[in-house]
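Participant: Quick one: the structure is below, questions incoming.
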Amino acid sequence: MPERARSPREGRRRVQVTEPPPRSGGKETGRVGRVSAFNDIRDYVAIPRVLSLKLSPDGSRLVSVVQSLNPDGKSYGTALWAVPVDGEPYRLTRSAKGESSAAFTDAGDVLFTSSRPDPTVKDAGEEVPALWLLPRGGGEARQVAVRPGGIASFRTAGDVVVFASDVLDGEEATEEERRKARKDAGISAILHESYPVRFWDHDLGPGRTRLFAGRLGADRLEDVRELTPDPGEALRDAAFDLTPDGATVVTTWRLALPRGETRTELVAIDVATGERRVLFGDEAHDFTGPVAVSPDGTRVACSRDRLTALEVSARSELWVGDLATGEGRTFAPDLLFPADVEWAPDSSALYVAADHQGRRPVFRVALGDGSGEAVRVTGDDASYLGLNASADGRFLYALRSGVGIAPGPARIDTAQGGAAAEIADLPSPAPRPELPGTLTEISATADDGATVRGWLALPEGASAADPAPLVVFIHGGPLGSWNDWQWRWQSWIMAAHGYAVLMPDPCMSTGYGQDMIDRGWGDWGPRTMADLEAIVDVAVARDDIDAERTAAMGGSFGGYMANWVAGHTDRYRAIVTHASLWNLDQFAGTTDAAMYWQREFGPVGSERYDKLSPHLSLTGIRTPMLVIHGDKDYRVPIGEALRLWWDLQRSEVESKFLYFPDENHWILKPGNVVAWYETVLAFLAQHVLGEEWKRPESVA
């Protein structure tokens with residue numbers, strides 16, 4: 001596509017997305033080759049997805065959890081795949097229940113969790129996630145531990161395994177019987193005596209998360225004992241790690257404070273005695289995951305998150321401290337919101353994946369020289385997660401992805417240092433789809449002088465002679481960035497249907513320093529909209545974009561902004577608002593984490609709610625709107641959509657409401673994903689392209 005001359009406000013860079021050639025392989029092997037699956041959404045939802053990556057102790061292979069469509073086409077299943085570092089991937093497990101949370105033992109066996117039935121137990125009762133072991137040399141997997149409330153996350157070192165499980169208060173010996181009695185009696189009631197009561201898409205209670213420890217024996221986990229009796233809600237969604245000698249578990253520990261507030265410390269628990277001591281904790285910060293203990297067992301890395309307030313914005317830093325003394329400090333202060341950390345094998349440095357300018361590179365933070373500065377390792381446009389360092393320190397293995405690259409395993413050669421590391425994609429258990437267009441980077445200067453950048457996905461054939469209609473994707477968060485592959489909010493589906501998609505990073509986006517977050521703190525609607533307007537102006541000024549045919553859509557905070565935009569401009573022909581905040585006063589008291597929002601907005605009913613609530617601009621809405629919401633969404637409760645829908649209807653705004661009784665903040669079930677995209681595309685076709693409304697078959 002020919003480039004036009006740049007304006008002073010605009011910078012752009014075309015990104016060539018390339019992948020290795022397809023590799024041949026036998027039955028049940030993976031491939032790196034591409035597939036075309038964006039025109040038919042049913043083909044798209046059937047693409048297998050690589051979810052995780054763990055390196056074996058000898059460095060010869062990785063194990064990955066891969067998600068794929070079940071034979072019924074109505075749900076997803078998971079399986080474990082081996083990814084040799086110098087060979088083709090092959091499948092390790094098969095079960096109707098699927099497998100997850102895979103990790104290697106020091107002996108090279110694979111531990112994982114699954115709800116599959118234990119073939120050695122007759123009438124085992126209700127199937128809950130249990131801990132299984134797959135021998136290194138092959139053979140059948142065997143169940144090594146199970147609890148009435150199931151087993152969630154786990155860590156292992158030597159022959160020690162520490163795992164989390166949901167436990168009912170009362171005697172352990174009668175827990176399974178009490179769970180069954182409750183179920184048989186048809187009791188679902190939960191009596192709460194503290195806040196919160198829900199999280200994301202599920203009710204909290206009546207059980208609570210506790211940690212257990214045991215030793216791997218010949219057939220089972222032996223000497224299993226509880227480490228954290230009566231923790232209350234301290235371990236809900238805990239992030240934890242185990243020292244290399246298996247003697248200490250380091251975990252986040254949530255404290256209940258007055259008036260429904262909470263604060264999170266990092267604690268060390270002696271595996272032999274259960275004795276707990278605070279490592280890091282202060283009144284102004286949360287200490288959160290990712291949590292990683294150094295290979296020499298002397299230090300701990302985690303995130304230190306500043307507690308927010310009306311005039312105190314969010315900030316998350318890399319924190320490293322001494323395991324024995326609890327003394328710690330911030331390293332690489334400009335490296336904010338670390339997404340993943342991995343220690344160098346000699347414990348002299350940390351590898352950190354963190355958002356940066358629309359990417360998520362890997363940085364190396366040296367600890368021994370005292371500087372604590374971050375040096376970029378990966379110089380490409382990709383985003384990285386699932387970091388694994390080889391024992392010799394030369395290679396990092398990770399999931400490599402990006403806005404135009406589906407996740408797959410990669411090897412990073414760190415020997416050269418700096419940002420010149422050689423990066424090689426490994427054969428993947430899942431194919432990477434072929435993109436129906438190109439990816440371009442654009443930027444704009446906002447009214448306050450700040451630079452706002454974003455990605456622009458262009459459909460094939462977009463040109464001055466045939467400009468593409470534009471859809472603006474507004475990301476959620478608000479702390480976030482368009483820097484990675486999205487199985488939801490997939491811009492390439494829109495591109496396959498002829499739309500250009502702008503993915504801007506306005507104020508409060510991560511990867512642009514603290515000032516970018518501060519700019520929008522407590523000023524959600526006005527400041528964010530000004531940033532969006534600036535970069536949309538740059539996009540529609542291009543000769544390959546049709547400025548007269550535009551739409552905006554967003555989810556969560558992006559849905560809030562879609563609602564705000566609807567009440568403050570008529571520049572868009574259609575607006576799609578998903579899982580959106582509408583009445584901030586109502587939302588702040590019904591979300592699953594009201595204490596968090598109260599810090600930024602103040603008590604319910606205070607001035608900031610009146611300033612920033614989209615519902616107060618209802619009379620300004622004239623753009624057709626598609627409202628989408630799931631009933632199991634506890635982060636932004638369904639009441640927001642119901643109120644918005646009613647307000648639009650009583651105001652005679654042309655609108656539709658796509659409702660999912662069984663989905664949460666995200667739309668996850670394959671059939672519902674199809675319905676979501678088909679309805680959005682039909683709505684855009686009607687209002688942006690001027691086509692006659694045609695109700696999709698998926699919602700007929």
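Ordering of the structure tokens sets the chain letters (A, B, ...), residue numbers begin anew at 1 in every chain, and ligands are numbered from 1 in the order given.
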Using only C-alpha atoms, tabulate the residues of region 351-427 of chain A lying at most 7 Å from any atom of region 336-341 of chain A, each with its closest atom pair and that distance in Å to one decimal, by chain and increasing residue number, as CSV.
Facilitator:
```
residue,atom,partner,partner_atom,distance
A:Tyr351,CA,A:Val341,CA,5.6
A:Val352,CA,A:Val341,CA,4.5
A:Ala353,CA,A:Asp340,CA,5.1
A:Ala354,CA,A:Pro338,CA,4.7
A:Leu385,CA,A:Asp340,CA,6.2
A:Gly386,CA,A:Asp340,CA,6.9
A:Leu387,CA,A:Val341,CA,6.9
```
Participant: Restricting the output to N, CA and C atoms, write the selected residues as a short mmCIF file (atom, residue, chain, number, x, y, z; two decimals), in the first residue's frame.
Facilitator:
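So out-v9.cif came out as:
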```
data_model
loop_
_atom_site.label_atom_id
_atom_site.label_comp_id
_atom_site.auth_asym_id
_atom_site.auth_seq_id
_atom_site.Cartn_x
_atom_site.Cartn_y
_atom_site.Cartn_z
N TYR A 351 15.03 -11.87 34.85
CA TYR A 351 14.42 -11.57 33.56
C TYR A 351 12.97 -11.20 33.82
N VAL A 352 12.56 -10.07 33.28
CA VAL A 352 11.23 -9.53 33.56
C VAL A 352 10.53 -9.22 32.25
N ALA A 353 9.29 -9.68 32.11
CA ALA A 353 8.44 -9.29 30.98
C ALA A 353 7.51 -8.20 31.46
N ALA A 354 7.53 -7.04 30.77
CA ALA A 354 6.70 -5.91 31.18
C ALA A 354 6.27 -5.12 29.96
N LEU A 385 5.55 -14.07 27.67
CA LEU A 385 5.09 -14.57 28.97
C LEU A 385 5.64 -15.99 29.13
N GLY A 386 5.48 -16.53 30.34
CA GLY A 386 5.91 -17.90 30.57
C GLY A 386 7.40 -18.08 30.45
N LEU A 387 8.18 -17.21 31.11
CA LEU A 387 9.63 -17.23 30.98
C LEU A 387 10.23 -18.44 31.69
#
```
Participant: So which residues touch Gly404 (chain A) within 12 Å, counting only C-alpha atoms, skipping near sequence neighbours fewer than 6 positions away, as an MDAnalysis selection string?
Facilitator: chainID A and resid 15:19 358:359 381:383 432:441 455:458 482:487 490:493 495
Participant: Could you write out the selected residues, including C-alpha atoms, as a compact mmCIF listing (two decimals), in the first residue's frame?
Facilitator:
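Dumped everything to selection09.txt:
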```
# COMPACT_ATOMS: atom_id res chain seq x y z
CA VAL A 15 5.45 -4.04 11.04
CA GLN A 16 6.13 -7.10 8.94
CA VAL A 17 4.75 -10.13 10.76
CA THR A 18 6.68 -13.20 9.67
CA GLU A 19 6.78 -16.79 10.85
CA GLY A 358 2.71 -1.50 22.66
CA ARG A 359 4.89 -4.57 23.21
CA ASP A 381 7.65 -6.26 18.36
CA ALA A 382 6.41 -9.29 20.27
CA SER A 383 5.04 -9.82 23.77
CA ARG A 432 -0.57 -19.79 13.89
CA PRO A 433 -3.37 -18.35 11.76
CA GLU A 434 -2.52 -16.42 8.63
CA LEU A 435 -3.39 -12.75 8.96
CA PRO A 436 -5.88 -11.23 6.49
CA GLY A 437 -4.10 -7.89 6.35
CA THR A 438 -1.18 -5.85 7.65
CA LEU A 439 -0.29 -4.20 10.93
CA THR A 440 0.82 -0.57 11.10
CA GLU A 441 1.83 1.62 14.03
CA TRP A 455 -1.81 -0.29 16.31
CA LEU A 456 -3.82 -0.12 13.11
CA ALA A 457 -4.85 -3.41 11.50
CA LEU A 458 -5.57 -2.86 7.82
CA TRP A 482 -3.05 -3.35 23.12
CA ASN A 483 0.19 -5.32 22.91
CA ASP A 484 -0.75 -8.96 22.63
CA TRP A 485 -2.80 -11.50 20.75
CA GLN A 486 -6.48 -11.42 21.68
CA TRP A 487 -8.63 -14.52 21.43
CA GLN A 490 -9.91 -10.15 17.70
CA SER A 491 -9.08 -7.36 15.28
CA TRP A 492 -8.26 -9.79 12.46
CA ILE A 493 -11.83 -11.07 12.31
CA ALA A 495 -10.11 -7.09 9.06
```
Participant: Show me, as a short mmCIF file (atom, residue, chain, number, x, y, z; two decimals) with C-alpha atoms, in the first residue's frame, the residues that have an atom within 10 Å of Asp282 (chain A) when counting only C-alpha atoms, minus same-chain residues fewer than 3 positions from it.
Facilitator:
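Saved as result_20.cif:
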```
data_model
loop_
_atom_site.label_atom_id
_atom_site.label_comp_id
_atom_site.auth_asym_id
_atom_site.auth_seq_id
_atom_site.Cartn_x
_atom_site.Cartn_y
_atom_site.Cartn_z
CA ARG A 263 -4.08 -5.11 52.16
CA THR A 264 -1.71 -7.84 50.95
CA GLU A 265 1.61 -8.81 52.50
CA HIS A 285 1.42 -1.04 49.39
CA ASP A 286 0.23 -4.47 48.38
CA PHE A 287 2.87 -7.13 47.74
#
```
Participant: When DSSP works through the backbone of this structure, what residues of region 408-570 of chain A end up as alpha helix (DSSP H), shown as a ChimeraX atom specification?
Facilitator: /A:491-496,514-520,524-540,557-568
Participant: At a cut-off of 6 Å, using only C-alpha atoms, what residues contact region 184-201 of chain A? Leave out same-chain residues fewer than 6 positions from it and give the result as a list in words.
Facilitator: Gly260, Asp592, Lys632, Asp633, Tyr634, Arg635 and Asn664 of chain A
Participant: What is the CA of Asp346 (chain A)-CA of Pro295 (chain A) distance in Å, reported with one decimal?
Facilitator: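 CA of Pro295 (chain A) lies 6.9 Å from CA of Asp346 (chain A).
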Participant: Please extract the residues of region 72-261 of chain A with a backbone DSSP assignment of strand (DSSP E or B) and present them as a ChimeraX atom specification.
Facilitator: /A:76-84,90-91,99-104,110-114,130-134,142-145,154-157,160-167,198-199,202-203,208-216,221-226,240-242,248-256
Participant: Restrict the selected residues to C-alpha atoms and save them as a PDB file, in the first residue's frame.
Facilitator:
```pdb
ATOM      1  CA  TYR A  76     -13.140 -26.384  25.048  1.00  0.00           C
ATOM      2  CA  GLY A  77     -10.889 -29.093  26.423  1.00  0.00           C
ATOM      3  CA  THR A  78      -7.238 -29.120  27.420  1.00  0.00           C
ATOM      4  CA  ALA A  79      -4.362 -31.558  27.009  1.00  0.00           C
ATOM      5  CA  LEU A  80      -0.654 -31.632  27.782  1.00  0.00           C
ATOM      6  CA  TRP A  81       1.832 -31.520  24.928  1.00  0.00           C
ATOM      7  CA  ALA A  82       5.588 -32.051  25.009  1.00  0.00           C
ATOM      8  CA  VAL A  83       7.668 -29.570  23.030  1.00  0.00           C
ATOM      9  CA  PRO A  84      11.220 -30.870  22.542  1.00  0.00           C
ATOM     10  CA  TYR A  90       3.709 -34.504  20.573  1.00  0.00           C
ATOM     11  CA  ARG A  91       0.657 -35.025  22.727  1.00  0.00           C
ATOM     12  CA  GLU A  99      -5.449 -31.329  32.178  1.00  0.00           C
ATOM     13  CA  SER A 100      -3.943 -28.062  33.427  1.00  0.00           C
ATOM     14  CA  SER A 101      -1.253 -26.470  35.643  1.00  0.00           C
ATOM     15  CA  ALA A 102       1.582 -28.654  34.379  1.00  0.00           C
ATOM     16  CA  ALA A 103       5.053 -28.495  35.946  1.00  0.00           C
ATOM     17  CA  PHE A 104       8.128 -30.727  36.115  1.00  0.00           C
ATOM     18  CA  VAL A 110       5.256 -34.105  35.010  1.00  0.00           C
ATOM     19  CA  LEU A 111       2.812 -33.050  37.701  1.00  0.00           C
ATOM     20  CA  PHE A 112      -0.558 -31.683  36.605  1.00  0.00           C
ATOM     21  CA  THR A 113      -4.106 -31.179  37.827  1.00  0.00           C
ATOM     22  CA  SER A 114      -7.171 -32.826  36.325  1.00  0.00           C
ATOM     23  CA  ALA A 130      -6.754 -33.771  41.736  1.00  0.00           C
ATOM     24  CA  LEU A 131      -2.965 -33.894  41.440  1.00  0.00           C
ATOM     25  CA  TRP A 132      -1.570 -36.383  38.909  1.00  0.00           C
ATOM     26  CA  LEU A 133       1.916 -37.526  37.941  1.00  0.00           C
ATOM     27  CA  LEU A 134       3.050 -38.582  34.474  1.00  0.00           C
ATOM     28  CA  ARG A 142      -1.454 -41.804  38.234  1.00  0.00           C
ATOM     29  CA  GLN A 143      -3.323 -39.760  40.808  1.00  0.00           C
ATOM     30  CA  VAL A 144      -1.033 -38.771  43.671  1.00  0.00           C
ATOM     31  CA  ALA A 145      -3.254 -36.497  45.768  1.00  0.00           C
ATOM     32  CA  PHE A 154       0.801 -26.174  43.282  1.00  0.00           C
ATOM     33  CA  ARG A 155       4.596 -25.859  43.484  1.00  0.00           C
ATOM     34  CA  THR A 156       7.250 -28.542  43.822  1.00  0.00           C
ATOM     35  CA  ALA A 157      10.920 -28.655  44.835  1.00  0.00           C
ATOM     36  CA  VAL A 160       8.159 -31.615  48.385  1.00  0.00           C
ATOM     37  CA  VAL A 161       4.851 -30.493  46.892  1.00  0.00           C
ATOM     38  CA  VAL A 162       2.827 -27.550  48.235  1.00  0.00           C
ATOM     39  CA  PHE A 163      -0.693 -27.098  46.913  1.00  0.00           C
ATOM     40  CA  ALA A 164      -3.773 -24.968  47.468  1.00  0.00           C
ATOM     41  CA  SER A 165      -7.200 -26.439  48.188  1.00  0.00           C
ATOM     42  CA  ASP A 166     -10.677 -25.220  49.101  1.00  0.00           C
ATOM     43  CA  VAL A 167     -11.545 -26.362  52.640  1.00  0.00           C
ATOM     44  CA  ARG A 198     -18.140 -12.757  45.095  1.00  0.00           C
ATOM     45  CA  PHE A 199     -15.164 -12.778  42.739  1.00  0.00           C
ATOM     46  CA  HIS A 202     -18.267 -17.248  41.245  1.00  0.00           C
ATOM     47  CA  ASP A 203     -19.501 -16.992  44.802  1.00  0.00           C
ATOM     48  CA  ARG A 208     -11.688 -21.092  52.073  1.00  0.00           C
ATOM     49  CA  THR A 209      -8.325 -21.592  50.382  1.00  0.00           C
ATOM     50  CA  ARG A 210      -5.633 -23.266  52.482  1.00  0.00           C
ATOM     51  CA  LEU A 211      -2.135 -24.549  51.728  1.00  0.00           C
ATOM     52  CA  PHE A 212      -1.001 -28.152  52.198  1.00  0.00           C
ATOM     53  CA  ALA A 213       2.391 -29.819  51.902  1.00  0.00           C
ATOM     54  CA  GLY A 214       3.437 -33.398  51.247  1.00  0.00           C
ATOM     55  CA  ARG A 215       6.261 -35.545  49.902  1.00  0.00           C
ATOM     56  CA  LEU A 216       6.252 -37.522  46.681  1.00  0.00           C
ATOM     57  CA  LEU A 221       1.849 -37.882  48.042  1.00  0.00           C
ATOM     58  CA  GLU A 222       2.810 -38.882  51.580  1.00  0.00           C
ATOM     59  CA  ASP A 223       2.813 -37.090  54.920  1.00  0.00           C
ATOM     60  CA  VAL A 224       0.262 -34.532  53.681  1.00  0.00           C
ATOM     61  CA  ARG A 225      -0.295 -31.842  56.286  1.00  0.00           C
ATOM     62  CA  GLU A 226      -1.997 -28.491  56.436  1.00  0.00           C
ATOM     63  CA  PHE A 240       3.131 -18.510  45.980  1.00  0.00           C
ATOM     64  CA  ASP A 241       6.490 -20.156  45.339  1.00  0.00           C
ATOM     65  CA  LEU A 242       8.662 -22.752  47.049  1.00  0.00           C
ATOM     66  CA  THR A 248       9.801 -22.639  52.869  1.00  0.00           C
ATOM     67  CA  VAL A 249       6.781 -21.507  50.919  1.00  0.00           C
ATOM     68  CA  VAL A 250       6.533 -17.791  50.133  1.00  0.00           C
ATOM     69  CA  THR A 251       2.984 -16.580  49.522  1.00  0.00           C
ATOM     70  CA  THR A 252       0.815 -13.507  49.310  1.00  0.00           C
ATOM     71  CA  TRP A 253      -1.337 -13.025  52.413  1.00  0.00           C
ATOM     72  CA  ARG A 254      -4.428 -10.825  52.292  1.00  0.00           C
ATOM     73  CA  LEU A 255      -5.286  -8.869  55.456  1.00  0.00           C
ATOM     74  CA  ALA A 256      -8.856  -7.862  56.261  1.00  0.00           C
TER      75      ALA A 256
END
```
Participant: Report as a PyMOL selection string all protein, DNA and RNA residues lying within 7 Å of Leu426 (chain A), evaluated on only C-alpha atoms, omitting residues in the same chain fewer than 3 positions from it.
Facilitator: chain A and resi 409-411
Participant: Select, from A:Val128, A:Ala496, A:Leu689, A:Leu642, the residue with the minimum atom-to-atom distance to Ile41 (chain A), counting only C-alpha atoms.
Facilitator: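 Once distances to Ile41 (chain A) are computed over only C-alpha atoms, the minimum belongs to A:Ala496.
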